[in-house]
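A.B. asks: What follows is protein23.cif, made up of mmCIF, C-alpha atoms:
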data_my_file
#
loop_
_atom_site.label_atom_id
_atom_site.label_comp_id
_atom_site.auth_asym_id
_atom_site.auth_seq_id
_atom_site.Cartn_x
_atom_site.Cartn_y
_atom_site.Cartn_z
CA MET Y 1 0.00 0.00 0.00
CA LYS Y 2 1.13 3.48 -0.76
CA PRO Y 3 1.26 5.79 2.24
CA VAL Y 4 -1.25 8.58 1.86
CA VAL Y 5 1.47 11.19 2.35
CA ASN Y 6 2.74 10.19 -1.09
CA GLN Y 7 -0.70 10.46 -2.66
CA VAL Y 8 -1.79 13.80 -1.26
CA ALA Y 9 0.23 16.78 -2.38
CA ASP Y 10 -0.81 19.10 0.44
CA ARG Y 11 0.91 17.78 3.57
CA ARG Y 12 -0.87 20.40 5.65
CA GLN Y 13 -4.19 18.91 4.57
CA VAL Y 14 -2.98 15.49 5.72
CA MET Y 15 -2.03 16.86 9.15
CA ILE Y 16 -5.45 18.47 9.46
CA GLY Y 17 -6.92 15.10 8.52
CA ILE Y 18 -4.97 13.41 11.34
CA ALA Y 19 -6.25 16.04 13.78
CA ILE Y 20 -9.83 15.41 12.67
CA ILE Y 21 -9.37 11.66 13.09
CA GLY Y 22 -8.09 12.46 16.59
CA VAL Y 23 -11.46 14.09 17.29
CA VAL Y 24 -13.18 10.95 16.01
CA PHE Y 25 -11.13 8.77 18.38
CA PHE Y 26 -11.97 11.12 21.25
CA ILE Y 27 -15.70 10.71 20.57
CA ILE Y 28 -15.29 6.94 20.24
CA GLY Y 29 -13.63 6.89 23.66
CA PHE Y 30 -16.15 9.23 25.24
CA VAL Y 31 -19.23 7.19 24.34
CA SER Y 32 -17.50 3.80 24.81
CA TRP Y 33 -15.82 4.09 28.18
CA VAL Y 34 -18.82 5.64 29.93
CA ASN Y 35 -20.06 2.03 29.94
CA SER Y 36 -17.82 1.44 32.97
CA ILE Y 37 -20.22 3.52 35.10
CA LEU Y 38 -23.37 2.64 33.15
CA ILE Y 39 -22.96 -1.02 34.18
CA PRO Y 40 -23.27 -0.46 37.98
CA TYR Y 41 -25.72 2.41 37.38
CA PHE Y 42 -28.15 0.19 35.46
CA ARG Y 43 -27.51 -2.69 37.86
CA ILE Y 44 -28.79 -0.51 40.71
CA ALA Y 45 -31.53 1.44 38.90
CA CYS Y 46 -32.91 -1.53 36.92
CA GLU Y 47 -32.26 -4.11 39.67
CA LEU Y 48 -30.03 -6.46 37.69
CA THR Y 49 -27.63 -9.29 38.47
CA ASN Y 50 -23.93 -8.95 37.57
CA TYR Y 51 -24.51 -11.12 34.50
CA GLN Y 52 -27.49 -9.05 33.34
CA SER Y 53 -25.64 -5.78 33.85
CA TYR Y 54 -22.86 -6.84 31.48
CA PHE Y 55 -25.36 -6.89 28.62
CA VAL Y 56 -24.52 -3.18 28.51
CA THR Y 57 -21.19 -4.03 26.91
CA PHE Y 58 -22.68 -6.96 24.96
CA SER Y 59 -25.35 -4.82 23.30
CA PHE Y 60 -22.90 -2.02 22.63
CA TYR Y 61 -20.09 -4.07 21.09
CA ILE Y 62 -22.01 -6.91 19.42
CA ALA Y 63 -22.90 -4.31 16.78
CA TYR Y 64 -19.28 -4.57 15.62
CA LEU Y 65 -19.90 -8.22 14.73
CA VAL Y 66 -23.37 -7.81 13.25
CA MET Y 67 -22.84 -4.57 11.35
CA SER Y 68 -19.21 -4.63 10.15
CA VAL Y 69 -19.87 -6.17 6.72
CA PRO Y 70 -22.86 -3.86 5.99
CA VAL Y 71 -20.65 -0.98 7.13
CA ALA Y 72 -17.97 -1.99 4.61
CA TYR Y 73 -20.52 -1.78 1.80
CA LEU Y 74 -21.83 1.52 3.15
CA LEU Y 75 -18.34 3.05 3.10
CA LYS Y 76 -17.76 1.72 -0.40
CA ARG Y 77 -20.84 3.63 -1.57
CA THR Y 78 -20.45 6.80 0.48
CA GLY Y 79 -16.71 7.18 1.04
CA TYR Y 80 -15.14 7.82 4.41
CA LYS Y 81 -16.23 11.41 5.01
CA LYS Y 82 -19.93 10.92 4.32
CA GLY Y 83 -19.81 7.56 6.08
CA MET Y 84 -18.44 9.20 9.21
CA MET Y 85 -21.29 11.69 9.14
CA TYR Y 86 -23.78 8.81 9.04
CA GLY Y 87 -21.87 7.17 11.90
CA PHE Y 88 -22.32 10.24 14.07
CA PHE Y 89 -26.02 10.46 13.13
CA CYS Y 90 -26.41 6.82 14.21
CA LEU Y 91 -24.70 7.60 17.52
CA ALA Y 92 -27.14 10.46 18.04
CA ALA Y 93 -30.13 8.19 17.36
CA GLY Y 94 -28.88 5.72 19.96
CA ALA Y 95 -28.44 8.49 22.53
CA LEU Y 96 -32.02 9.66 21.92
CA LEU Y 97 -33.34 6.15 22.68
CA PHE Y 98 -32.19 6.71 26.26
CA VAL Y 99 -35.12 9.15 26.68
CA PRO Y 100 -38.00 6.63 26.30
CA ALA Y 101 -35.89 4.01 28.06
CA ALA Y 102 -35.51 6.24 31.12
CA LEU Y 103 -39.16 7.33 31.12
CA ASN Y 104 -40.22 3.67 31.27
CA ARG Y 105 -37.22 2.32 33.21
CA ALA Y 106 -37.01 -0.27 30.41
CA TYR Y 107 -33.63 -1.96 30.32
CA TRP Y 108 -34.25 -3.49 26.88
CA ILE Y 109 -34.74 -0.03 25.34
CA PHE Y 110 -31.45 1.07 26.88
CA LEU Y 111 -29.84 -1.98 25.28
CA ALA Y 112 -31.40 -1.07 21.90
CA GLY Y 113 -29.95 2.42 22.25
CA LEU Y 114 -26.54 1.01 23.08
CA PHE Y 115 -26.69 -1.32 20.05
CA THR Y 116 -27.56 1.65 17.83
CA MET Y 117 -24.63 3.60 19.25
CA GLY Y 118 -22.38 0.61 18.68
CA THR Y 119 -23.49 0.54 15.05
CA GLY Y 120 -22.46 4.17 14.68
CA LEU Y 121 -19.10 3.41 16.25
CA SER Y 122 -18.53 0.48 13.87
CA VAL Y 123 -18.78 2.98 11.00
CA LEU Y 124 -16.28 5.30 12.69
CA GLN Y 125 -13.89 2.45 13.56
CA ALA Y 126 -13.98 1.03 10.03
CA SER Y 127 -13.11 4.47 8.69
CA ALA Y 128 -10.61 5.79 11.21
CA ASN Y 129 -8.39 2.75 11.88
CA PRO Y 130 -7.29 1.97 8.30
CA TYR Y 131 -6.94 5.70 7.64
CA ILE Y 132 -4.50 6.25 10.49
CA THR Y 133 -2.66 2.98 9.76
CA ILE Y 134 -1.74 3.74 6.15
CA ILE Y 135 -1.40 7.51 6.30
CA GLY Y 136 2.34 7.01 6.76
CA PRO Y 137 5.00 4.28 6.82
CA ILE Y 138 3.69 0.98 8.18
CA GLU Y 139 6.66 0.62 10.57
CA SER Y 140 5.57 3.74 12.46
CA ALA Y 141 1.84 2.93 12.41
CA ALA Y 142 1.92 1.92 16.09
CA ARG Y 143 3.15 5.41 16.92
CA ARG Y 144 0.26 7.08 15.09
CA ILE Y 145 -2.22 4.66 16.64
CA SER Y 146 -0.73 5.51 20.04
CA ILE Y 147 -1.45 9.19 19.42
CA MET Y 148 -5.04 8.32 18.57
CA GLY Y 149 -5.12 6.12 21.66
CA VAL Y 150 -4.25 9.07 23.86
CA CYS Y 151 -7.26 10.92 22.46
CA ASN Y 152 -9.44 7.85 23.01
CA LYS Y 153 -8.33 7.07 26.54
CA PHE Y 154 -8.30 10.69 27.72
CA ALA Y 155 -11.97 10.77 26.74
CA GLY Y 156 -12.38 7.54 28.69
CA ILE Y 157 -10.97 9.18 31.80
CA VAL Y 158 -13.29 12.16 31.71
CA SER Y 159 -16.51 10.47 30.51
CA PRO Y 160 -17.31 8.50 33.74
CA LEU Y 161 -16.43 11.55 35.82
CA ILE Y 162 -18.67 13.79 33.71
CA PHE Y 163 -21.46 11.19 33.88
CA ALA Y 164 -21.14 11.00 37.67
CA ALA Y 165 -21.15 14.78 37.99
CA VAL Y 166 -24.04 15.42 35.62
CA VAL Y 167 -26.25 12.37 36.21
CA LEU Y 168 -25.44 11.43 39.80
CA GLY Y 169 -24.44 14.83 41.14
CA LYS Y 170 -27.91 15.74 42.38
CA SER Y 171 -28.83 12.18 43.36
CA GLN Y 172 -25.96 11.21 45.65
CA GLU Y 173 -28.12 10.82 48.75
CA LEU Y 174 -30.80 9.00 46.77
CA LEU Y 175 -28.18 6.64 45.31
CA ARG Y 176 -26.79 5.95 48.78
CA THR Y 177 -30.17 5.05 50.21
CA VAL Y 178 -30.91 2.71 47.28
CA GLU Y 179 -27.45 1.06 47.47
CA GLU Y 180 -27.83 0.46 51.21
CA GLY Y 181 -31.31 -1.03 50.83
CA LEU Y 182 -33.02 1.57 53.01
CA LEU Y 183 -36.12 1.81 50.82
CA ALA Y 184 -38.86 -0.67 49.95
CA GLY Y 185 -42.15 -0.88 48.08
CA ALA Y 186 -43.53 2.25 46.45
CA ASP Y 187 -40.80 4.45 47.93
CA LYS Y 188 -38.13 2.31 46.32
CA GLU Y 189 -39.89 2.34 42.94
CA ALA Y 190 -40.19 6.13 43.04
CA ALA Y 191 -36.51 6.47 43.96
CA LEU Y 192 -35.40 4.16 41.15
CA ASN Y 193 -37.54 6.05 38.63
CA GLU Y 194 -36.06 9.36 39.72
CA LEU Y 195 -32.54 7.93 39.60
CA ILE Y 196 -32.80 6.52 36.07
CA ARG Y 197 -34.37 9.67 34.63
CA GLY Y 198 -31.18 11.55 35.34
CA VAL Y 199 -29.88 10.42 31.92
CA ILE Y 200 -32.62 12.15 29.90
CA LEU Y 201 -31.20 15.68 29.63
CA PRO Y 202 -27.49 14.73 29.26
CA TYR Y 203 -28.14 12.20 26.48
CA SER Y 204 -30.48 14.58 24.67
CA VAL Y 205 -27.76 17.23 24.66
CA LEU Y 206 -25.20 14.59 23.60
CA ALA Y 207 -27.38 13.66 20.62
CA LEU Y 208 -27.42 17.27 19.40
CA LEU Y 209 -23.64 17.53 19.77
CA LEU Y 210 -23.11 14.32 17.81
CA VAL Y 211 -25.24 15.57 14.92
CA GLY Y 212 -23.22 18.79 14.89
CA ILE Y 213 -19.88 16.94 14.86
CA GLY Y 214 -21.07 14.73 12.00
CA LEU Y 215 -21.97 17.76 9.90
CA PHE Y 216 -18.65 19.43 10.78
CA ILE Y 217 -16.60 16.43 9.62
CA TYR Y 218 -18.54 16.13 6.37
CA ARG Y 219 -17.85 19.79 5.57
CA SER Y 220 -14.22 19.65 6.72
CA VAL Y 221 -11.07 19.34 4.59
CA LEU Y 222 -10.56 15.72 5.66
CA PRO Y 223 -9.23 14.05 2.49
CA ASP Y 224 -10.92 10.90 1.25
CA ILE Y 225 -8.47 8.03 0.81
CA ASN Y 226 -8.43 4.76 -1.09
CA PRO Y 227 -6.69 2.19 1.12
CA GLU Y 228 -6.93 -0.45 -1.60
CA ASP Y 229 -4.37 1.11 -3.93
CA GLU Y 230 -1.59 -1.42 -4.49
CA ASP Y 231 1.96 -0.71 -5.47
CA GLU Y 232 3.59 -3.08 -7.95
CA LYS Y 233 5.32 -5.21 -5.31
CA VAL Y 234 2.13 -5.81 -3.28
CA ALA Y 235 0.07 -6.41 -6.43
CA ALA Y 236 2.53 -9.08 -7.60
CA ALA Y 237 2.58 -10.77 -4.19
CA ASN Y 238 -1.22 -10.87 -4.05
CA SER Y 239 -1.78 -11.88 -7.68
CA ASP Y 240 -2.78 -15.44 -6.72
CA LYS Y 241 -5.06 -14.38 -3.84
CA THR Y 242 -8.82 -14.67 -4.33
CA SER Y 243 -9.99 -14.30 -0.72
CA VAL Y 244 -9.04 -12.31 2.34
CA PHE Y 245 -8.93 -15.60 4.26
CA GLN Y 246 -5.75 -16.51 2.35
CA PHE Y 247 -3.84 -14.16 4.68
CA PRO Y 248 -3.25 -16.23 7.85
CA TYR Y 249 -1.62 -13.38 9.76
CA LEU Y 250 -4.83 -11.39 9.26
CA VAL Y 251 -7.17 -14.19 10.38
CA LEU Y 252 -4.99 -14.94 13.41
CA GLY Y 253 -4.77 -11.21 14.07
CA VAL Y 254 -8.57 -10.95 14.10
CA LEU Y 255 -8.66 -13.54 16.90
CA ALA Y 256 -5.84 -11.73 18.70
CA LEU Y 257 -7.72 -8.43 18.50
CA PHE Y 258 -10.93 -10.15 19.68
CA LEU Y 259 -9.17 -11.41 22.80
CA HIS Y 260 -7.25 -8.20 23.41
CA VAL Y 261 -10.22 -5.83 23.34
CA GLY Y 262 -12.12 -8.25 25.56
CA THR Y 263 -9.37 -8.14 28.20
CA GLN Y 264 -9.21 -4.36 27.89
CA VAL Y 265 -12.90 -3.79 28.45
CA ILE Y 266 -12.94 -6.29 31.32
CA ALA Y 267 -10.16 -4.33 33.04
CA ILE Y 268 -12.09 -1.07 32.68
CA ASP Y 269 -15.79 -1.89 32.73
CA THR Y 270 -15.72 -4.35 35.65
CA ILE Y 271 -13.44 -2.41 37.95
CA ILE Y 272 -16.19 -0.28 39.53
CA SER Y 273 -18.22 -3.36 40.42
CA TYR Y 274 -15.08 -5.08 41.70
CA ALA Y 275 -14.34 -2.07 43.90
CA GLY Y 276 -17.93 -2.26 45.16
CA SER Y 277 -17.31 -5.84 46.32
CA MET Y 278 -14.60 -4.40 48.59
CA GLY Y 279 -17.02 -1.95 50.21
CA VAL Y 280 -16.13 1.00 47.97
CA GLY Y 281 -19.26 2.99 47.09
CA LEU Y 282 -20.14 3.95 43.51
CA LEU Y 283 -19.36 7.64 44.01
CA GLU Y 284 -15.84 6.73 45.16
CA ALA Y 285 -15.36 3.80 42.77
CA LYS Y 286 -16.03 6.05 39.75
CA PHE Y 287 -12.33 7.03 39.86
CA PHE Y 288 -10.98 3.53 39.23
CA PRO Y 289 -11.59 3.48 35.44
CA ALA Y 290 -9.61 6.73 35.31
CA TYR Y 291 -6.65 4.97 36.96
CA THR Y 292 -6.77 2.17 34.38
CA LEU Y 293 -7.05 4.61 31.50
CA GLY Y 294 -4.33 6.80 33.00
CA ALA Y 295 -2.00 3.79 32.94
CA THR Y 296 -3.05 3.24 29.32
CA ILE Y 297 -2.19 6.82 28.39
CA LEU Y 298 1.21 6.40 30.05
CA GLY Y 299 1.81 3.37 27.82
CA TYR Y 300 0.73 5.31 24.75
CA MET Y 301 3.10 8.17 25.60
CA LEU Y 302 6.01 5.74 25.89
CA GLY Y 303 5.01 4.24 22.55
CA ILE Y 304 5.01 7.67 20.92
CA LEU Y 305 8.48 8.38 22.31
CA LEU Y 306 10.10 4.99 21.68
CA ILE Y 307 8.48 3.50 18.55
CA PRO Y 308 10.09 2.87 16.08
CA LYS Y 309 13.46 4.57 16.79
CA VAL Y 310 14.23 2.91 20.13
CA LEU Y 311 11.78 0.01 20.25
CA SER Y 312 10.23 -1.80 17.29
CA GLN Y 313 6.46 -2.25 17.38
CA LYS Y 314 7.08 -6.04 17.21
CA ASN Y 315 9.13 -6.05 20.43
CA ALA Y 316 6.71 -3.63 22.09
CA LEU Y 317 3.90 -6.10 21.38
CA ILE Y 318 5.88 -9.00 22.88
CA ILE Y 319 6.77 -7.05 26.03
CA CYS Y 320 3.21 -5.82 26.57
CA THR Y 321 1.54 -9.20 26.08
CA ALA Y 322 3.97 -10.84 28.53
CA LEU Y 323 3.44 -8.07 31.10
CA GLY Y 324 -0.32 -8.43 30.69
CA LEU Y 325 -0.07 -12.12 31.61
CA VAL Y 326 1.99 -11.34 34.73
CA LEU Y 327 -0.45 -8.68 35.90
CA SER Y 328 -3.41 -11.01 35.25
CA PHE Y 329 -1.93 -13.54 37.65
CA GLY Y 330 -1.61 -10.69 40.15
CA VAL Y 331 -5.31 -9.91 39.78
CA VAL Y 332 -6.29 -13.52 40.44
CA PHE Y 333 -3.92 -14.32 43.30
CA ALA Y 334 -3.22 -11.05 45.17
CA ASP Y 335 -4.98 -10.95 48.54
CA ALA Y 336 -3.89 -8.10 50.80
CA ASP Y 337 -5.68 -4.97 51.97
CA VAL Y 338 -3.83 -1.78 51.09
CA SER Y 339 -4.48 1.94 51.31
CA PHE Y 340 -3.44 3.76 48.15
CA LEU Y 341 -4.48 7.06 46.54
CA GLY Y 342 -7.01 7.53 49.32
CA HIS Y 343 -8.75 4.19 48.71
CA ASP Y 344 -8.87 1.23 51.10
CA ALA Y 345 -9.12 -1.82 48.85
CA ASN Y 346 -7.59 -5.19 48.02
CA LEU Y 347 -4.21 -5.16 46.27
CA SER Y 348 -5.68 -7.15 43.36
CA ILE Y 349 -7.66 -4.15 42.13
CA TRP Y 350 -4.42 -2.24 41.56
CA PHE Y 351 -3.10 -5.10 39.43
CA LEU Y 352 -6.35 -4.83 37.47
CA ALA Y 353 -5.93 -1.07 37.03
CA SER Y 354 -2.30 -1.62 35.98
CA LEU Y 355 -3.45 -3.77 33.04
CA GLY Y 356 -4.14 -0.50 31.28
CA PHE Y 357 -0.40 -0.01 30.78
CA PRO Y 358 0.39 -3.12 28.66
CA ASN Y 359 -3.01 -2.99 26.95
CA SER Y 360 -2.08 0.38 25.47
CA LEU Y 361 0.36 -0.93 22.86
CA ILE Y 362 -1.20 -4.34 22.19
CA TYR Y 363 -3.92 -2.87 19.98
CA ALA Y 364 -1.37 -0.61 18.31
CA GLY Y 365 0.83 -3.65 17.63
CA ILE Y 366 -1.81 -6.06 16.35
CA TRP Y 367 -3.50 -3.78 13.82
CA PRO Y 368 -0.46 -2.97 11.60
CA HIS Y 369 0.75 -6.60 11.77
CA ALA Y 370 -2.66 -7.87 10.66
CA ILE Y 371 -3.43 -5.33 7.93
CA ARG Y 372 -0.03 -5.12 6.25
CA ASP Y 373 0.25 -5.76 2.51
CA LEU Y 374 -3.41 -6.65 1.98
CA GLY Y 375 -3.67 -4.37 -1.04
CA ARG Y 376 -7.08 -4.67 -2.66
CA PHE Y 377 -8.26 -6.75 0.31
CA THR Y 378 -7.63 -3.92 2.78
CA LYS Y 379 -11.25 -2.78 3.10
CA ILE Y 380 -12.67 -6.22 3.86
CA GLY Y 381 -9.65 -6.96 6.08
CA SER Y 382 -10.38 -3.81 8.04
CA SER Y 383 -14.00 -4.89 8.38
CA LEU Y 384 -12.91 -8.24 9.83
CA LEU Y 385 -10.69 -6.45 12.34
CA VAL Y 386 -13.54 -4.14 13.32
CA MET Y 387 -15.69 -7.28 13.70
CA ALA Y 388 -13.14 -8.53 16.20
CA LEU Y 389 -14.07 -5.65 18.48
CA CYS Y 390 -17.13 -7.71 19.45
CA GLY Y 391 -14.73 -9.29 21.94
CA ASN Y 392 -15.78 -6.30 24.03
CA ALA Y 393 -19.29 -7.77 24.01
CA ILE Y 394 -18.61 -11.44 24.59
CA LEU Y 395 -15.72 -11.69 27.05
CA PRO Y 396 -17.34 -9.46 29.73
CA LEU Y 397 -20.32 -11.84 29.66
CA VAL Y 398 -17.97 -14.78 30.13
CA TYR Y 399 -16.41 -12.90 33.04
CA GLY Y 400 -19.87 -12.07 34.48
CA LYS Y 401 -20.94 -15.72 34.30
CA MET Y 402 -17.72 -16.89 35.98
CA ALA Y 403 -18.02 -14.15 38.61
CA ASP Y 404 -21.59 -15.17 39.48
CA ALA Y 405 -20.53 -18.84 39.70
CA THR Y 406 -17.38 -18.22 41.79
CA SER Y 407 -16.45 -14.68 42.86
CA LEU Y 408 -15.66 -11.38 41.20
CA GLN Y 409 -11.94 -11.99 41.72
CA GLN Y 410 -11.88 -15.57 40.45
CA GLY Y 411 -13.84 -14.48 37.38
CA TYR Y 412 -10.64 -12.79 36.17
CA TRP Y 413 -9.21 -16.23 35.30
CA VAL Y 414 -10.72 -15.48 31.88
CA LEU Y 415 -7.75 -13.14 31.27
CA ILE Y 416 -5.08 -15.86 31.45
CA PRO Y 417 -5.76 -17.85 28.22
CA CYS Y 418 -6.34 -14.58 26.35
CA PHE Y 419 -2.86 -13.28 27.16
CA LEU Y 420 -1.27 -16.67 26.42
CA TYR Y 421 -2.65 -16.52 22.87
CA LEU Y 422 -1.60 -12.87 22.51
CA ILE Y 423 1.97 -13.81 23.44
CA TRP Y 424 1.94 -16.57 20.79
CA TYR Y 425 0.69 -14.16 18.12
CA ALA Y 426 3.25 -11.52 19.09
CA VAL Y 427 6.12 -14.01 18.90
CA TYR Y 428 5.09 -16.25 16.03
CA GLY Y 429 1.53 -15.93 14.71
CA TYR Y 430 1.96 -12.60 12.92
CA ARG Y 431 4.71 -14.14 10.72
CA ILE Y 432 2.49 -16.86 9.21
CA THR Y 433 1.86 -15.91 5.59
CA SER Y 434 0.56 -19.26 4.29
CA TRP Y 435 -1.74 -21.96 5.64
CA ASN Y 436 0.62 -24.47 4.01
CA ARG Y 437 2.91 -25.59 6.84
CA LYS Y 438 5.81 -26.00 4.43
#
Produce structure tokens that represent the structure in this file.
C.D. replies:
Amino acid sequence: MKPVVNQVADRRQVMIGIAIIGVVFFIIGFVSWVNSILIPYFRIACELTNYQSYFVTFSFYIAYLVMSVPVAYLLKRTGYKKGMMYGFFCLAAGALLFVPAALNRAYWIFLAGLFTMGTGLSVLQASANPYITIIGPIESAARRISIMGVCNKFAGIVSPLIFAAVVLGKSQELLRTVEEGLLAGADKEAALNELIRGVILPYSVLALLLVGIGLFIYRSVLPDINPEDEDEKVAAANSDKTSVFQFPYLVLGVLALFLHVGTQVIAIDTIISYAGSMGVGLLEAKFFPAYTLGATILGYMLGILLIPKVLSQKNALIICTALGLVLSFGVVFADADVSFLGHDANLSIWFLASLGFPNSLIYAGIWPHAIRDLGRFTKIGSSLLVMALCGNAILPLVYGKMADATSLQQGYWVLIPCFLYLIWYAVYGYRITSWNRK
């Protein structure tokens, strides 16, 4: 593939394009990572089990699996700019569904809204990720993805805090009484109705903002790109290929990305509930996703500084997957009460928060390995990788089921096989270019 910087004469326009994609990644992070506080919020307000509450992430991210192929055809017809506008409109529609859902305290309508928002994000992901990957040399793609990751995770830090301030700010005493089981009967129903309706105004305003951002991007100078242009070398290498499934490193990379994003969302979206099991209230526990995402941003910053001049993205991927496995064992086995950053909690939760650090560069390492040299198969390959983001939907449910059957801490055993496979892909799997063992 030809880097876009060689195709677009105006380098300034390309830099503006990168900045606009940074805004897209910020929005993706903002509406995605608020799920970490929506899960316990809905669990309380809609009276759910742990397993039922994790359908928040399932409904949100399963759209990546269901809608990725239709999204690929949509982008082929509309192009990236117009497609992004439709993605933001879809996000806005999902946000508006929160209004009837809150008025009726109907969990299934909330889930429909989350699925609609996930559909909008699948459009944005399918557009933004290949764009940022091929806009420059492939060996420095992890660095550019790290920059986008900073935008994404910074949004993830502020979104639960904004949600808590705007939605829960005026209902702190009400939330406390509900959490402590001090209400019953009609009083409890009235309190739960009042609590859940706190989302109506914020999500209505969010819908308007999303429509405005979509229109802004469509009218911006963001250049449309064709990621399926092949140079002569790539065209010759792919001359005998008739299917995207003839690229083993891509197929194996899809599985790697599926497992990685699942471990990432488990580390962020379950941490508030895990803190609650240690006696930490929701209003205090809201800070824990910020710690995880802060560790992720630290990893991204190191990636920006070190890749590729000091550390290759291949070695960064190996180091991060191995560190993720070590920290996962810490989550499962650590058992000591500590006081840190003003919180009295079990040591294992700090291992969980620390997973944000290695998770930062795993995504940035898998994507360029998996999408390299696909040529005319790039668009469908990107769609498969976006499909893999449904790991965010499925693995939290696996965790929730294990947590209900054992304990919240023992449920984190689901992380161990995921990181073992990621280590294998980082060391060997990405190099497999043929299904023929010879």
A.B. asks: Just the residues within 10 Å of Val167 (chain Y), please, counting only C-alpha atoms, with nothing from its chain fewer than 6 positions along; format it as a list in words.
C.D. replies: Leu161, Leu195, Ile196, Arg197, Gly198, Val199, Ile200, Leu201, Pro202 and Tyr203 of chain Y
A.B. asks: Evaluate the PyMOL selection byres ((chain Y and resi 56-67) around 10) and record the selected residues as JSON, numbers by chain, following the chain and residue labels used in the document.
C.D. replies: {"Y": [32, 33, 35, 36, 38, 39, 40, 42, 43, 51, 52, 53, 54, 55, 68, 69, 70, 71, 72, 107, 108, 110, 111, 112, 113, 114, 115, 116, 117, 118, 119, 120, 121, 122, 123, 125, 126, 265, 266, 269, 383, 384, 385, 386, 387, 388, 389, 390, 391, 392, 393, 394, 395, 396, 397]}
A.B. asks: Compare Y:Ala186, Y:Leu374, Y:Val31, Y:Ile37 by their minimum atom-to-atom distance to Gln246 (chain Y), counting all atoms listed in the file, and give me the closest one.
C.D. replies: Y:Leu374
A.B. asks: Quick check on the file I pasted: which residues fall under the PyMOL selection byres ((chain Y and resi 292) around 12)? Write them as number ranges by chain.
C.D. replies: Y: 33, 36, 153-154, 156-157, 264-272, 286-291, 293-299, 349-360
A.B. asks: Given the selection you just returned, output its residues as a file containing C-alpha atoms, formatted as a PDB file, keeping the file's coordinate frame.
C.D. replies:
ATOM      1  CA  TRP Y  33     -15.820   4.090  28.180  1.00  0.00           C
ATOM      2  CA  SER Y  36     -17.820   1.440  32.970  1.00  0.00           C
ATOM      3  CA  LYS Y 153      -8.330   7.070  26.540  1.00  0.00           C
ATOM      4  CA  PHE Y 154      -8.300  10.690  27.720  1.00  0.00           C
ATOM      5  CA  GLY Y 156     -12.380   7.540  28.690  1.00  0.00           C
ATOM      6  CA  ILE Y 157     -10.970   9.180  31.800  1.00  0.00           C
ATOM      7  CA  GLN Y 264      -9.210  -4.360  27.890  1.00  0.00           C
ATOM      8  CA  VAL Y 265     -12.900  -3.790  28.450  1.00  0.00           C
ATOM      9  CA  ILE Y 266     -12.940  -6.290  31.320  1.00  0.00           C
ATOM     10  CA  ALA Y 267     -10.160  -4.330  33.040  1.00  0.00           C
ATOM     11  CA  ILE Y 268     -12.090  -1.070  32.680  1.00  0.00           C
ATOM     12  CA  ASP Y 269     -15.790  -1.890  32.730  1.00  0.00           C
ATOM     13  CA  THR Y 270     -15.720  -4.350  35.650  1.00  0.00           C
ATOM     14  CA  ILE Y 271     -13.440  -2.410  37.950  1.00  0.00           C
ATOM     15  CA  ILE Y 272     -16.190  -0.280  39.530  1.00  0.00           C
ATOM     16  CA  LYS Y 286     -16.030   6.050  39.750  1.00  0.00           C
ATOM     17  CA  PHE Y 287     -12.330   7.030  39.860  1.00  0.00           C
ATOM     18  CA  PHE Y 288     -10.980   3.530  39.230  1.00  0.00           C
ATOM     19  CA  PRO Y 289     -11.590   3.480  35.440  1.00  0.00           C
ATOM     20  CA  ALA Y 290      -9.610   6.730  35.310  1.00  0.00           C
ATOM     21  CA  TYR Y 291      -6.650   4.970  36.960  1.00  0.00           C
ATOM     22  CA  LEU Y 293      -7.050   4.610  31.500  1.00  0.00           C
ATOM     23  CA  GLY Y 294      -4.330   6.800  33.000  1.00  0.00           C
ATOM     24  CA  ALA Y 295      -2.000   3.790  32.940  1.00  0.00           C
ATOM     25  CA  THR Y 296      -3.050   3.240  29.320  1.00  0.00           C
ATOM     26  CA  ILE Y 297      -2.190   6.820  28.390  1.00  0.00           C
ATOM     27  CA  LEU Y 298       1.210   6.400  30.050  1.00  0.00           C
ATOM     28  CA  GLY Y 299       1.810   3.370  27.820  1.00  0.00           C
ATOM     29  CA  ILE Y 349      -7.660  -4.150  42.130  1.00  0.00           C
ATOM     30  CA  TRP Y 350      -4.420  -2.240  41.560  1.00  0.00           C
ATOM     31  CA  PHE Y 351      -3.100  -5.100  39.430  1.00  0.00           C
ATOM     32  CA  LEU Y 352      -6.350  -4.830  37.470  1.00  0.00           C
ATOM     33  CA  ALA Y 353      -5.930  -1.070  37.030  1.00  0.00           C
ATOM     34  CA  SER Y 354      -2.300  -1.620  35.980  1.00  0.00           C
ATOM     35  CA  LEU Y 355      -3.450  -3.770  33.040  1.00  0.00           C
ATOM     36  CA  GLY Y 356      -4.140  -0.500  31.280  1.00  0.00           C
ATOM     37  CA  PHE Y 357      -0.400  -0.010  30.780  1.00  0.00           C
ATOM     38  CA  PRO Y 358       0.390  -3.120  28.660  1.00  0.00           C
ATOM     39  CA  ASN Y 359      -3.010  -2.990  26.950  1.00  0.00           C
ATOM     40  CA  SER Y 360      -2.080   0.380  25.470  1.00  0.00           C
TER      41      SER Y 360
END
A.B. asks: With the PyMOL selection byres ((chain Y and resi 419-432) around 8) as the selection, what would be picked from this file? Answer as an MDAnalysis selection string, please.
C.D. replies: chainID Y and resid 248:250 252:253 256 259:260 314 317:318 321:322 324:325 366 369:370 415:418 433:435
A.B. asks: Report the distance between CA of Ala93 (chain Y) and CA of Ile21 (chain Y) in Å, rounded to one decimal place.
C.D. replies: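 Atom-to-atom, CA of Ala93 (chain Y) to CA of Ile21 (chain Y), that is 21.5 Å.
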